[in-house]
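Comments concern the structure below.
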Amino acid sequence: MNQYKKIQGMKKFFVKSFWISILLLIVICIAAALTFEFQASLAERFYGLDMDDYAQILVSTLTIWKILIIQFTLIPMLALWCISKHLNKDEQDSSNNGCGC
């Protein structure tokens, strides 16, 4: 039962981490959409990028961020969910002593 509690705690951590990361990504996407022209003019002034180049960099950055969220929060959360199901099933099987009733 101790392993099951550890798994549940880790699963809660990854669920919270996933939702916080998704909410931050949504806020950043909204902020980027609302201030895109201002950001593009700053990128042109400081780095010499035109608007299309800046848009491509912005979309690439947000895409990489989304992939990292999936890789480092969603996948471990699903793996821990499967492990907890397996541990719970094993615990139930051992509790009824294998009699099948």
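Going by the structure tokens order, chains are called A, B, ..., each with residues numbered from 1, while ligands are numbered from 1 in the order shown.
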
Do a neighbour search on A:Gln8 at 12 Å with only C-alpha atoms, toss out local chain neighbours closer than 2 positions, and write the hits as a list of chain:residue names.
A:Met1, A:Asn2, A:Gln3, A:Tyr4, A:Lys5, A:Lys6, A:Met10, A:Lys11, A:Lys12, A:Phe13, A:Phe14, A:Val15, A:Met77, A:Leu78, A:Ala79, A:Leu80, A:Trp81, A:Cys82, A:Ile83, A:Ser84, A:Lys85, A:Leu87, A:Asn88

Give me, as a short mmCIF file (atom, residue, chain, number, x, y, z; two decimals) with C-alpha atoms, in the first residue's frame, all polymer residues having an atom no more than 12 Å from A:Thr61, counting only C-alpha atoms and skipping those fewer than 4 positions away in the same chain.
```cif
data_model
loop_
_atom_site.label_atom_id
_atom_site.label_comp_id
_atom_site.auth_asym_id
_atom_site.auth_seq_id
_atom_site.Cartn_x
_atom_site.Cartn_y
_atom_site.Cartn_z
CA LEU A 25 0.86 28.28 -22.41
CA ILE A 28 1.28 33.31 -23.32
CA CYS A 29 -0.51 32.50 -26.59
CA ALA A 32 1.40 36.97 -27.98
CA TYR A 54 9.44 36.69 -36.13
CA ALA A 55 6.10 34.88 -36.53
CA GLN A 56 7.93 31.70 -37.51
CA ILE A 57 10.22 31.93 -34.48
CA TRP A 65 6.96 24.38 -25.40
CA LYS A 66 3.83 22.33 -26.12
CA ILE A 67 5.90 19.26 -26.98
CA LEU A 68 7.91 19.63 -23.76
#
```

Using only C-alpha atoms, can you tell me which of A:Glu91, A:Leu62, A:Leu49, A:Gln71 comes closest to A:Val27?
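Using only C-alpha atoms, A:Val27 sits closest to A:Leu62.
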
Could you tell me how far atom CA of A:Asp52 sits from atom CA of A:Ala33, in Å to one decimal place?
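A separation of 14.1 Å between them.
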
Name the residues of chain A that fall into alpha helix (DSSP H) according to DSSP on the backbone, using the chain letters and numbers of this document, as a PyMOL selection string.
chain A and resi 2-34+36-47+51-69+75-95

Print the selection's residues with C-alpha atoms to a file, as a PDB file, in the first residue's frame.
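Listing of part-v5.pdb after writing:
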```pdb
ATOM      1  CA  ASN A   2       2.967   2.304   0.597  1.00  0.00           C
ATOM      2  CA  GLN A   3       3.968   2.127  -3.086  1.00  0.00           C
ATOM      3  CA  TYR A   4       0.403   2.888  -4.101  1.00  0.00           C
ATOM      4  CA  LYS A   5       0.396   6.068  -1.966  1.00  0.00           C
ATOM      5  CA  LYS A   6       3.721   7.174  -3.470  1.00  0.00           C
ATOM      6  CA  ILE A   7       2.383   6.629  -6.964  1.00  0.00           C
ATOM      7  CA  GLN A   8      -0.792   8.563  -6.148  1.00  0.00           C
ATOM      8  CA  GLY A   9       1.265  11.471  -4.786  1.00  0.00           C
ATOM      9  CA  MET A  10       3.462  11.541  -7.869  1.00  0.00           C
ATOM     10  CA  LYS A  11       0.404  11.333 -10.105  1.00  0.00           C
ATOM     11  CA  LYS A  12      -1.171  14.337  -8.335  1.00  0.00           C
ATOM     12  CA  PHE A  13       2.074  16.274  -8.830  1.00  0.00           C
ATOM     13  CA  PHE A  14       2.125  15.590 -12.569  1.00  0.00           C
ATOM     14  CA  VAL A  15      -1.575  16.413 -12.953  1.00  0.00           C
ATOM     15  CA  LYS A  16      -1.081  19.788 -11.249  1.00  0.00           C
ATOM     16  CA  SER A  17       2.094  20.415 -13.217  1.00  0.00           C
ATOM     17  CA  PHE A  18       0.317  19.612 -16.486  1.00  0.00           C
ATOM     18  CA  TRP A  19      -2.597  21.962 -15.821  1.00  0.00           C
ATOM     19  CA  ILE A  20      -0.346  24.805 -14.650  1.00  0.00           C
ATOM     20  CA  SER A  21       1.832  24.421 -17.753  1.00  0.00           C
ATOM     21  CA  ILE A  22      -1.187  24.352 -20.071  1.00  0.00           C
ATOM     22  CA  LEU A  23      -2.687  27.439 -18.432  1.00  0.00           C
ATOM     23  CA  LEU A  24       0.612  29.304 -18.761  1.00  0.00           C
ATOM     24  CA  LEU A  25       0.865  28.285 -22.409  1.00  0.00           C
ATOM     25  CA  ILE A  26      -2.661  29.565 -23.083  1.00  0.00           C
ATOM     26  CA  VAL A  27      -1.940  32.880 -21.341  1.00  0.00           C
ATOM     27  CA  ILE A  28       1.282  33.313 -23.317  1.00  0.00           C
ATOM     28  CA  CYS A  29      -0.515  32.502 -26.585  1.00  0.00           C
ATOM     29  CA  ILE A  30      -3.220  35.071 -25.846  1.00  0.00           C
ATOM     30  CA  ALA A  31      -0.636  37.682 -24.848  1.00  0.00           C
ATOM     31  CA  ALA A  32       1.398  36.969 -27.983  1.00  0.00           C
ATOM     32  CA  ALA A  33      -1.693  37.288 -30.191  1.00  0.00           C
ATOM     33  CA  LEU A  34      -2.725  40.580 -28.611  1.00  0.00           C
ATOM     34  CA  PHE A  36       2.115  40.546 -31.898  1.00  0.00           C
ATOM     35  CA  GLU A  37       2.631  43.724 -33.932  1.00  0.00           C
ATOM     36  CA  PHE A  38       4.425  45.433 -31.046  1.00  0.00           C
ATOM     37  CA  GLN A  39       6.670  42.404 -30.524  1.00  0.00           C
ATOM     38  CA  ALA A  40       7.381  42.165 -34.245  1.00  0.00           C
ATOM     39  CA  SER A  41       8.345  45.847 -34.410  1.00  0.00           C
ATOM     40  CA  LEU A  42      10.723  45.362 -31.472  1.00  0.00           C
ATOM     41  CA  ALA A  43      12.251  42.288 -33.127  1.00  0.00           C
ATOM     42  CA  GLU A  44      12.702  44.283 -36.327  1.00  0.00           C
ATOM     43  CA  ARG A  45      14.329  47.188 -34.501  1.00  0.00           C
ATOM     44  CA  PHE A  46      16.658  45.146 -32.279  1.00  0.00           C
ATOM     45  CA  TYR A  47      17.400  42.040 -34.368  1.00  0.00           C
ATOM     46  CA  MET A  51       7.362  40.138 -39.333  1.00  0.00           C
ATOM     47  CA  ASP A  52       7.247  36.744 -41.089  1.00  0.00           C
ATOM     48  CA  ASP A  53      10.546  35.621 -39.576  1.00  0.00           C
ATOM     49  CA  TYR A  54       9.435  36.694 -36.126  1.00  0.00           C
ATOM     50  CA  ALA A  55       6.104  34.876 -36.535  1.00  0.00           C
ATOM     51  CA  GLN A  56       7.930  31.699 -37.513  1.00  0.00           C
ATOM     52  CA  ILE A  57      10.223  31.933 -34.476  1.00  0.00           C
ATOM     53  CA  LEU A  58       7.268  32.594 -32.164  1.00  0.00           C
ATOM     54  CA  VAL A  59       5.245  29.658 -33.486  1.00  0.00           C
ATOM     55  CA  SER A  60       8.283  27.359 -33.319  1.00  0.00           C
ATOM     56  CA  THR A  61       8.948  28.358 -29.720  1.00  0.00           C
ATOM     57  CA  LEU A  62       5.341  27.761 -28.663  1.00  0.00           C
ATOM     58  CA  THR A  63       5.308  24.416 -30.485  1.00  0.00           C
ATOM     59  CA  ILE A  64       8.474  23.267 -28.714  1.00  0.00           C
ATOM     60  CA  TRP A  65       6.962  24.376 -25.400  1.00  0.00           C
ATOM     61  CA  LYS A  66       3.832  22.330 -26.122  1.00  0.00           C
ATOM     62  CA  ILE A  67       5.903  19.262 -26.980  1.00  0.00           C
ATOM     63  CA  LEU A  68       7.911  19.634 -23.758  1.00  0.00           C
ATOM     64  CA  ILE A  69       4.716  19.909 -21.714  1.00  0.00           C
ATOM     65  CA  ILE A  75       3.411  11.089 -20.508  1.00  0.00           C
ATOM     66  CA  PRO A  76       4.644  10.519 -16.911  1.00  0.00           C
ATOM     67  CA  MET A  77       1.110  11.197 -15.635  1.00  0.00           C
ATOM     68  CA  LEU A  78      -0.317   8.528 -17.962  1.00  0.00           C
ATOM     69  CA  ALA A  79       2.455   6.094 -17.036  1.00  0.00           C
ATOM     70  CA  LEU A  80       1.761   6.596 -13.323  1.00  0.00           C
ATOM     71  CA  TRP A  81      -1.961   6.148 -13.961  1.00  0.00           C
ATOM     72  CA  CYS A  82      -1.248   2.769 -15.601  1.00  0.00           C
ATOM     73  CA  ILE A  83       1.098   1.761 -12.766  1.00  0.00           C
ATOM     74  CA  SER A  84      -1.477   2.710 -10.117  1.00  0.00           C
ATOM     75  CA  LYS A  85      -4.151   0.685 -11.926  1.00  0.00           C
ATOM     76  CA  HIS A  86      -1.796  -2.294 -12.001  1.00  0.00           C
ATOM     77  CA  LEU A  87      -0.873  -1.944  -8.311  1.00  0.00           C
ATOM     78  CA  ASN A  88      -4.521  -1.555  -7.337  1.00  0.00           C
ATOM     79  CA  LYS A  89      -5.454  -4.672  -9.327  1.00  0.00           C
ATOM     80  CA  ASP A  90      -2.630  -6.688  -7.729  1.00  0.00           C
ATOM     81  CA  GLU A  91      -3.705  -5.527  -4.284  1.00  0.00           C
ATOM     82  CA  GLN A  92      -7.311  -6.558  -4.924  1.00  0.00           C
ATOM     83  CA  ASP A  93      -6.193  -9.944  -6.217  1.00  0.00           C
ATOM     84  CA  SER A  94      -4.083 -10.587  -3.137  1.00  0.00           C
ATOM     85  CA  SER A  95      -6.853  -9.437  -0.783  1.00  0.00           C
TER      86      SER A  95
END
```
